[in-house]
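Dropping input_0.pdb in here (PDB, C-alpha atoms):
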```pdb
ATOM      1  CA  VAL A   1     112.412 100.620  87.207  1.00  0.00           C
ATOM      2  CA  VAL A   2     109.423  99.572  89.309  1.00  0.00           C
ATOM      3  CA  GLY A   3     108.201  96.260  90.669  1.00  0.00           C
ATOM      4  CA  ASP A   4     107.305  94.402  93.852  1.00  0.00           C
ATOM      5  CA  GLY A   5     109.120  96.413  96.527  1.00  0.00           C
ATOM      6  CA  ILE A   6     111.473  97.864  93.882  1.00  0.00           C
ATOM      7  CA  ILE A   7     111.772 101.430  92.699  1.00  0.00           C
ATOM      8  CA  LYS A   8     114.979 102.652  91.058  1.00  0.00           C
ATOM      9  CA  PHE A   9     115.863 105.790  89.156  1.00  0.00           C
ATOM     10  CA  PHE A  10     118.636 105.823  86.563  1.00  0.00           C
ATOM     11  CA  ARG A  11     120.077 108.687  84.528  1.00  0.00           C
ATOM     12  CA  LEU A  12     122.249 108.453  81.442  1.00  0.00           C
ATOM     13  CA  GLN A  13     125.395 110.570  81.960  1.00  0.00           C
ATOM     14  CA  GLY A  14     127.198 110.815  78.635  1.00  0.00           C
ATOM     15  CA  GLN A  15     127.077 107.932  76.165  1.00  0.00           C
ATOM     16  CA  ASP A  16     127.884 104.898  78.310  1.00  0.00           C
ATOM     17  CA  ASP A  17     127.628 106.067  81.914  1.00  0.00           C
ATOM     18  CA  VAL A  18     124.408 105.149  83.755  1.00  0.00           C
ATOM     19  CA  LYS A  19     123.987 106.588  87.246  1.00  0.00           C
ATOM     20  CA  GLN A  20     121.514 105.240  89.816  1.00  0.00           C
ATOM     21  CA  PHE A  21     119.861 107.652  92.236  1.00  0.00           C
ATOM     22  CA  PRO A  22     118.907 106.628  95.771  1.00  0.00           C
ATOM     23  CA  VAL A  23     115.113 106.591  96.202  1.00  0.00           C
ATOM     24  CA  GLN A  24     113.189 106.749  99.454  1.00  0.00           C
ATOM     25  CA  PRO A  25     109.495 105.993  98.817  1.00  0.00           C
ATOM     26  CA  PRO A  26     107.151 106.680 101.743  1.00  0.00           C
ATOM     27  CA  LYS A  27     106.819 102.896 102.232  1.00  0.00           C
ATOM     28  CA  LEU A  28     107.863  99.785 100.336  1.00  0.00           C
ATOM     29  CA  GLN A  29     104.994  98.281  98.399  1.00  0.00           C
ATOM     30  CA  HIS A  30     104.197  96.802  95.003  1.00  0.00           C
ATOM     31  CA  PHE A  31     104.827  99.503  92.391  1.00  0.00           C
ATOM     32  CA  LEU A  32     102.846  98.630  89.235  1.00  0.00           C
ATOM     33  CA  CYS A  33     103.684 101.269  86.622  1.00  0.00           C
ATOM     34  CA  HIS A  34     105.221 104.685  86.134  1.00  0.00           C
ATOM     35  CA  CYS A  35     105.602 107.539  83.638  1.00  0.00           C
ATOM     36  CA  TRP A  36     107.289 110.923  83.299  1.00  0.00           C
ATOM     37  CA  LEU A  37     104.602 113.618  83.500  1.00  0.00           C
ATOM     38  CA  THR A  38     107.013 116.451  82.698  1.00  0.00           C
ATOM     39  CA  THR A  39     110.775 116.670  82.447  1.00  0.00           C
ATOM     40  CA  ASP A  40     110.942 117.077  86.224  1.00  0.00           C
ATOM     41  CA  LYS A  41     108.045 114.995  87.616  1.00  0.00           C
ATOM     42  CA  MET A  42     107.532 111.232  87.634  1.00  0.00           C
ATOM     43  CA  LEU A  43     104.317 109.467  88.609  1.00  0.00           C
ATOM     44  CA  VAL A  44     104.512 106.009  90.213  1.00  0.00           C
ATOM     45  CA  CYS A  45     101.318 103.952  90.652  1.00  0.00           C
ATOM     46  CA  CYS A  46     101.075 101.505  93.546  1.00  0.00           C
ATOM     47  CA  GLU A  47      99.024  98.349  94.020  1.00  0.00           C
ATOM     48  CA  SER A  48      97.325 100.030  96.986  1.00  0.00           C
ATOM     49  CA  GLY A  49      95.861 102.697  94.691  1.00  0.00           C
ATOM     50  CA  GLU A  50      98.238 105.443  95.752  1.00  0.00           C
ATOM     51  CA  LEU A  51      99.693 107.731  93.091  1.00  0.00           C
ATOM     52  CA  LEU A  52     103.155 108.946  94.130  1.00  0.00           C
ATOM     53  CA  LEU A  53     104.950 111.958  92.686  1.00  0.00           C
ATOM     54  CA  PHE A  54     108.776 112.059  92.512  1.00  0.00           C
ATOM     55  CA  ASP A  55     111.222 114.634  91.167  1.00  0.00           C
ATOM     56  CA  THR A  56     114.076 113.965  88.697  1.00  0.00           C
ATOM     57  CA  ASN A  57     116.498 113.071  91.485  1.00  0.00           C
ATOM     58  CA  GLY A  58     114.230 110.308  92.775  1.00  0.00           C
ATOM     59  CA  GLU A  59     113.104 112.365  95.742  1.00  0.00           C
ATOM     60  CA  PHE A  60     109.552 111.644  96.909  1.00  0.00           C
ATOM     61  CA  GLN A  61     107.361 114.762  96.699  1.00  0.00           C
ATOM     62  CA  LEU A  62     103.856 113.685  97.735  1.00  0.00           C
ATOM     63  CA  THR A  63     101.038 111.165  97.457  1.00  0.00           C
ATOM     64  CA  LEU A  64      98.442 112.764  95.209  1.00  0.00           C
ATOM     65  CA  PRO A  65      95.310 113.613  97.230  1.00  0.00           C
ATOM     66  CA  ALA A  66      93.218 112.508  94.213  1.00  0.00           C
ATOM     67  CA  SER A  67      94.672 108.970  94.387  1.00  0.00           C
ATOM     68  CA  PRO A  68      91.812 106.485  93.855  1.00  0.00           C
ATOM     69  CA  GLY A  69      92.933 104.338  96.803  1.00  0.00           C
ATOM     70  CA  GLU A  70      91.402 101.191  95.334  1.00  0.00           C
ATOM     71  CA  ALA A  71      93.570  98.091  94.998  1.00  0.00           C
ATOM     72  CA  ARG A  72      95.105  97.652  91.522  1.00  0.00           C
ATOM     73  CA  CYS A  73      93.281 100.671  90.139  1.00  0.00           C
ATOM     74  CA  ALA A  74      96.358 101.770  88.163  1.00  0.00           C
ATOM     75  CA  THR A  75      98.025  98.965  86.231  1.00  0.00           C
ATOM     76  CA  SER A  76      98.915 101.237  83.298  1.00  0.00           C
ATOM     77  CA  VAL A  77      99.507 104.965  82.892  1.00  0.00           C
ATOM     78  CA  VAL A  78     100.124 107.384  80.034  1.00  0.00           C
ATOM     79  CA  PRO A  79     100.883 111.121  80.260  1.00  0.00           C
ATOM     80  CA  PHE A  80      99.374 113.828  78.087  1.00  0.00           C
ATOM     81  CA  SER A  81      99.718 117.615  77.952  1.00  0.00           C
ATOM     82  CA  LYS A  82      96.847 118.269  80.399  1.00  0.00           C
ATOM     83  CA  GLY A  83      97.721 115.491  82.879  1.00  0.00           C
ATOM     84  CA  PHE A  84      97.623 111.702  82.698  1.00  0.00           C
ATOM     85  CA  VAL A  85      95.325 108.701  82.226  1.00  0.00           C
ATOM     86  CA  ILE A  86      95.378 105.520  84.324  1.00  0.00           C
ATOM     87  CA  GLY A  87      93.749 102.189  83.579  1.00  0.00           C
ATOM     88  CA  GLY A  88      93.294  99.314  85.985  1.00  0.00           C
ATOM     89  CA  ASP A  89      91.223  96.401  87.275  1.00  0.00           C
ATOM     90  CA  ASP A  90      87.545  96.068  86.377  1.00  0.00           C
ATOM     91  CA  GLY A  91      88.194  98.094  83.208  1.00  0.00           C
ATOM     92  CA  PHE A  92      88.277 101.461  84.945  1.00  0.00           C
ATOM     93  CA  ILE A  93      89.868 104.379  83.144  1.00  0.00           C
ATOM     94  CA  ARG A  94      90.490 107.624  85.005  1.00  0.00           C
ATOM     95  CA  VAL A  95      91.598 110.904  83.446  1.00  0.00           C
ATOM     96  CA  PHE A  96      93.501 113.331  85.675  1.00  0.00           C
ATOM     97  CA  GLU A  97      94.141 116.974  84.809  1.00  0.00           C
ATOM     98  CA  LYS A  98      96.491 119.545  86.303  1.00  0.00           C
ATOM     99  CA  SER A  99      94.913 121.454  89.158  1.00  0.00           C
ATOM    100  CA  GLU A 100      95.200 125.150  89.977  1.00  0.00           C
ATOM    101  CA  ASP A 101      95.490 124.188  93.665  1.00  0.00           C
ATOM    102  CA  PRO A 102      99.205 123.550  94.467  1.00  0.00           C
ATOM    103  CA  ARG A 103      98.271 121.132  97.287  1.00  0.00           C
ATOM    104  CA  GLU A 104      96.197 118.988  94.925  1.00  0.00           C
ATOM    105  CA  VAL A 105      98.574 119.119  91.873  1.00  0.00           C
ATOM    106  CA  TYR A 106      96.268 116.865  89.790  1.00  0.00           C
ATOM    107  CA  ARG A 107      92.527 116.240  90.055  1.00  0.00           C
ATOM    108  CA  GLN A 108      90.413 113.433  88.645  1.00  0.00           C
ATOM    109  CA  ALA A 109      88.460 114.937  85.750  1.00  0.00           C
ATOM    110  CA  ILE A 110      86.506 111.916  84.610  1.00  0.00           C
ATOM    111  CA  GLN A 111      86.108 108.169  85.102  1.00  0.00           C
ATOM    112  CA  THR A 112      84.643 105.540  82.802  1.00  0.00           C
ATOM    113  CA  GLN A 113      84.617 101.763  82.527  1.00  0.00           C
ATOM    114  CA  VAL A 114      85.340  99.333  79.706  1.00  0.00           C
ATOM    115  CA  ASP A 115      83.516  95.979  79.544  1.00  0.00           C
ATOM    116  CA  PRO A 116      81.569  96.482  82.811  1.00  0.00           C
ATOM    117  CA  GLY A 117      80.930  93.267  84.699  1.00  0.00           C
ATOM    118  CA  THR A 118      83.566  91.182  82.883  1.00  0.00           C
ATOM    119  CA  GLY A 119      86.399  91.833  85.328  1.00  0.00           C
ATOM    120  CA  ALA A 120      88.635  92.864  82.422  1.00  0.00           C
ATOM    121  CA  MET A 121      91.784  94.733  83.420  1.00  0.00           C
ATOM    122  CA  VAL A 122      93.207  97.564  81.328  1.00  0.00           C
ATOM    123  CA  ARG A 123      96.637  96.200  80.347  1.00  0.00           C
ATOM    124  CA  SER A 124      98.055  99.023  78.248  1.00  0.00           C
ATOM    125  CA  LEU A 125      97.307 102.552  77.101  1.00  0.00           C
ATOM    126  CA  ALA A 126      98.588 104.470  74.063  1.00  0.00           C
ATOM    127  CA  LEU A 127      97.918 108.051  73.065  1.00  0.00           C
ATOM    128  CA  SER A 128      97.776 109.428  69.528  1.00  0.00           C
ATOM    129  CA  PRO A 129     100.369 112.142  68.711  1.00  0.00           C
ATOM    130  CA  SER A 130      97.569 114.731  68.520  1.00  0.00           C
ATOM    131  CA  GLU A 131      96.310 113.570  71.965  1.00  0.00           C
ATOM    132  CA  GLU A 132      92.792 113.239  70.549  1.00  0.00           C
ATOM    133  CA  MET A 133      92.452 109.461  70.830  1.00  0.00           C
ATOM    134  CA  LEU A 134      93.406 106.964  73.507  1.00  0.00           C
ATOM    135  CA  ALA A 135      93.842 103.303  72.556  1.00  0.00           C
ATOM    136  CA  LEU A 136      93.669 100.620  75.230  1.00  0.00           C
ATOM    137  CA  SER A 137      93.940  96.867  75.442  1.00  0.00           C
ATOM    138  CA  THR A 138      92.381  94.654  78.074  1.00  0.00           C
ATOM    139  CA  SER A 139      93.163  91.351  79.754  1.00  0.00           C
ATOM    140  CA  THR A 140      90.371  89.812  77.647  1.00  0.00           C
ATOM    141  CA  SER A 141      92.406  90.575  74.474  1.00  0.00           C
ATOM    142  CA  GLN A 142      90.127  93.391  73.318  1.00  0.00           C
ATOM    143  CA  LEU A 143      91.253  96.677  71.749  1.00  0.00           C
ATOM    144  CA  TYR A 144      89.275  99.877  72.385  1.00  0.00           C
ATOM    145  CA  GLN A 145      89.517 103.582  71.641  1.00  0.00           C
ATOM    146  CA  MET A 146      88.123 106.672  73.324  1.00  0.00           C
ATOM    147  CA  SER A 147      88.198 110.352  72.513  1.00  0.00           C
ATOM    148  CA  LEU A 148      90.204 112.734  74.686  1.00  0.00           C
ATOM    149  CA  LEU A 149      89.029 115.881  72.913  1.00  0.00           C
ATOM    150  CA  GLY A 150      88.577 118.808  75.273  1.00  0.00           C
ATOM    151  CA  GLN A 151      84.847 119.111  74.680  1.00  0.00           C
ATOM    152  CA  ASP A 152      84.386 115.436  75.592  1.00  0.00           C
ATOM    153  CA  LEU A 153      86.292 115.836  78.861  1.00  0.00           C
ATOM    154  CA  LEU A 154      84.248 118.902  79.851  1.00  0.00           C
ATOM    155  CA  LYS A 155      81.114 116.774  80.239  1.00  0.00           C
ATOM    156  CA  PRO A 156      81.629 115.271  83.723  1.00  0.00           C
ATOM    157  CA  ASP A 157      77.976 114.197  83.977  1.00  0.00           C
ATOM    158  CA  GLU A 158      78.320 111.933  80.956  1.00  0.00           C
ATOM    159  CA  SER A 159      80.427 108.820  80.703  1.00  0.00           C
ATOM    160  CA  LEU A 160      83.080 108.876  77.995  1.00  0.00           C
ATOM    161  CA  THR A 161      82.349 106.611  75.082  1.00  0.00           C
ATOM    162  CA  VAL A 162      84.770 103.696  74.825  1.00  0.00           C
ATOM    163  CA  GLU A 163      84.363 101.863  71.534  1.00  0.00           C
ATOM    164  CA  PRO A 164      85.934  98.699  70.113  1.00  0.00           C
ATOM    165  CA  VAL A 165      88.513  99.517  67.416  1.00  0.00           C
ATOM    166  CA  LEU A 166      87.070  96.728  65.268  1.00  0.00           C
ATOM    167  CA  THR A 167      84.465  94.183  66.214  1.00  0.00           C
ATOM    168  CA  GLN A 168      85.184  92.405  69.463  1.00  0.00           C
ATOM    169  CA  PHE A 169      87.421  89.409  68.961  1.00  0.00           C
ATOM    170  CA  HIS A 170      88.929  86.606  71.020  1.00  0.00           C
ATOM    171  CA  VAL A 171      85.606  86.170  72.737  1.00  0.00           C
ATOM    172  CA  GLY A 172      84.646  82.825  74.181  1.00  0.00           C
TER     173      GLY A 172
END
```
Written as structure tokens, how would this file's structure read?
Amino acid sequence: VVGDGIIKFFRLQGQDDVKQFPVQPPKLQHFLCHCWLTTDKMLVCCESGELLLFDTNGEFQLTLPASPGEARCATSVVPFSKGFVIGGDDGFIRVFEKSEDPREVYRQAIQTQVDPGTGAMVRSLALSPSEEMLALSTSTSQLYQMSLLGQDLLKPDESLTVEPVLTQFHVG
């Protein structure tokens, strides 16, 4: 559970027994979203732009060095087999992949923007079961898709193509 100054970890023990773990984040702040990256690592995104990594017991591990550090840059997050994707204010989408460097853990592979200049925030992200397509919705009630195929991610010089699922709607 995350929120404004709130971060709590719970574990289901048996059928009806829920146990809360004590959590000590590096500092209290507004925690916007979270996801399990693996069975033993949880990512928590903060309003300050920090990306925090915790273990299964709620113990803080580190602030990812690749954290964007921009306010409200991660309002939604979704994991995938190679890392995770965050979406935030101004329509920015950032794809992070696992790093070979143990100090870095994850590195930003690519960044793109949806609806540049509109101020649209990425509200939610969803990944196809094959992890080939990412669907996203924005604060302007638009629905987009983008490819997460390996060959598309290997082109860091090019911006990923984010396309409307249908024609744009709810405009005006």
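For the pair atom CA of Val122 of chain A and atom CA of Pro79 of chain A, the interatomic distance is 15.6 Å.
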Exercise for the section: Evaluate the PyMOL selection byres ((chain A and resi 86) around 12) on the structure here and hand back the selected residues as a ChimeraX atom specification. Expected result: /A:32-35,43-46,49-51,67-68,72-80,83-85,87-89,91-97,108-113,121-127,134,136
Translate the PyMOL selection byres ((chain A and resi 130) around 10) into a concrete residue list for this structure, as an mmCIF file with C-alpha atoms, keeping the file's coordinate frame.
```
data_model
loop_
_atom_site.group_PDB
_atom_site.id
_atom_site.type_symbol
_atom_site.label_atom_id
_atom_site.label_comp_id
_atom_site.auth_asym_id
_atom_site.auth_seq_id
_atom_site.Cartn_x
_atom_site.Cartn_y
_atom_site.Cartn_z
ATOM 1 C CA PHE A 80 99.374 113.828 78.087
ATOM 2 C CA LEU A 127 97.918 108.051 73.065
ATOM 3 C CA SER A 128 97.776 109.428 69.528
ATOM 4 C CA PRO A 129 100.369 112.142 68.711
ATOM 5 C CA GLU A 131 96.310 113.570 71.965
ATOM 6 C CA GLU A 132 92.792 113.239 70.549
ATOM 7 C CA MET A 133 92.452 109.461 70.830
ATOM 8 C CA LEU A 148 90.204 112.734 74.686
ATOM 9 C CA LEU A 149 89.029 115.881 72.913
#
```
Practice task
Please indicate the distance in Å from atom CA of Lys19 of chain A to atom CA of Leu64 of chain A, rounded to one decimal place.
Solution key: 27.5 Å
Practice task
I need the residue set behind the PyMOL selection byres ((chain A and resi 139-144) around 10) for this file; please write it as a PyMOL selection string.
Solution key: chain A and resi 89-91+114-115+118-125+134-138+145-146+162-172
Exercise for the section: Work out how far atom CA of Ser99 of chain A is from atom CA of Leu52 of chain A, in Å to one decimal. Expected result: 15.8 Å
Draw an axis-aligned box tight on the listed atoms of segment 44-60 of chain A, then pad every side by 3 Å and write out centre and edge lengths in Å to one decimal as AutoDock Vina command-line options.
```
--center_x 106.2 --center_y 106.5 --center_z 92.8 --size_x 26.6 --size_y 22.3 --size_z 14.3
```
Handout entry: Cut-off 12 Å around (112.9, 96.8, 96.9) with only C-alpha atoms: residues as a PyMOL selection string
Key = chain A and resi 1-8+22-25+27-31
Exercise for the section: May I have the protein, DNA and RNA residues with an atom at most 12 Å from (99.7, 122.9, 97.1), counting all atoms listed in the file in the file's coordinates, returned as a PyMOL selection string? Expected result: chain A and resi 61-65+98-106
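Each of A:Leu37, A:Leu12, A:Leu53, A:Val18 was checked against Ala66 of chain A using all atoms listed in the file; the smallest atom-to-atom distance is that of A:Leu53.
Comparing the minimum interatomic distances between Gly58 of chain A and each of A:Phe9, A:Asp16, A:Ala71, A:Ser81, counting only C-alpha atoms, we find that A:Phe9 sits nearest.
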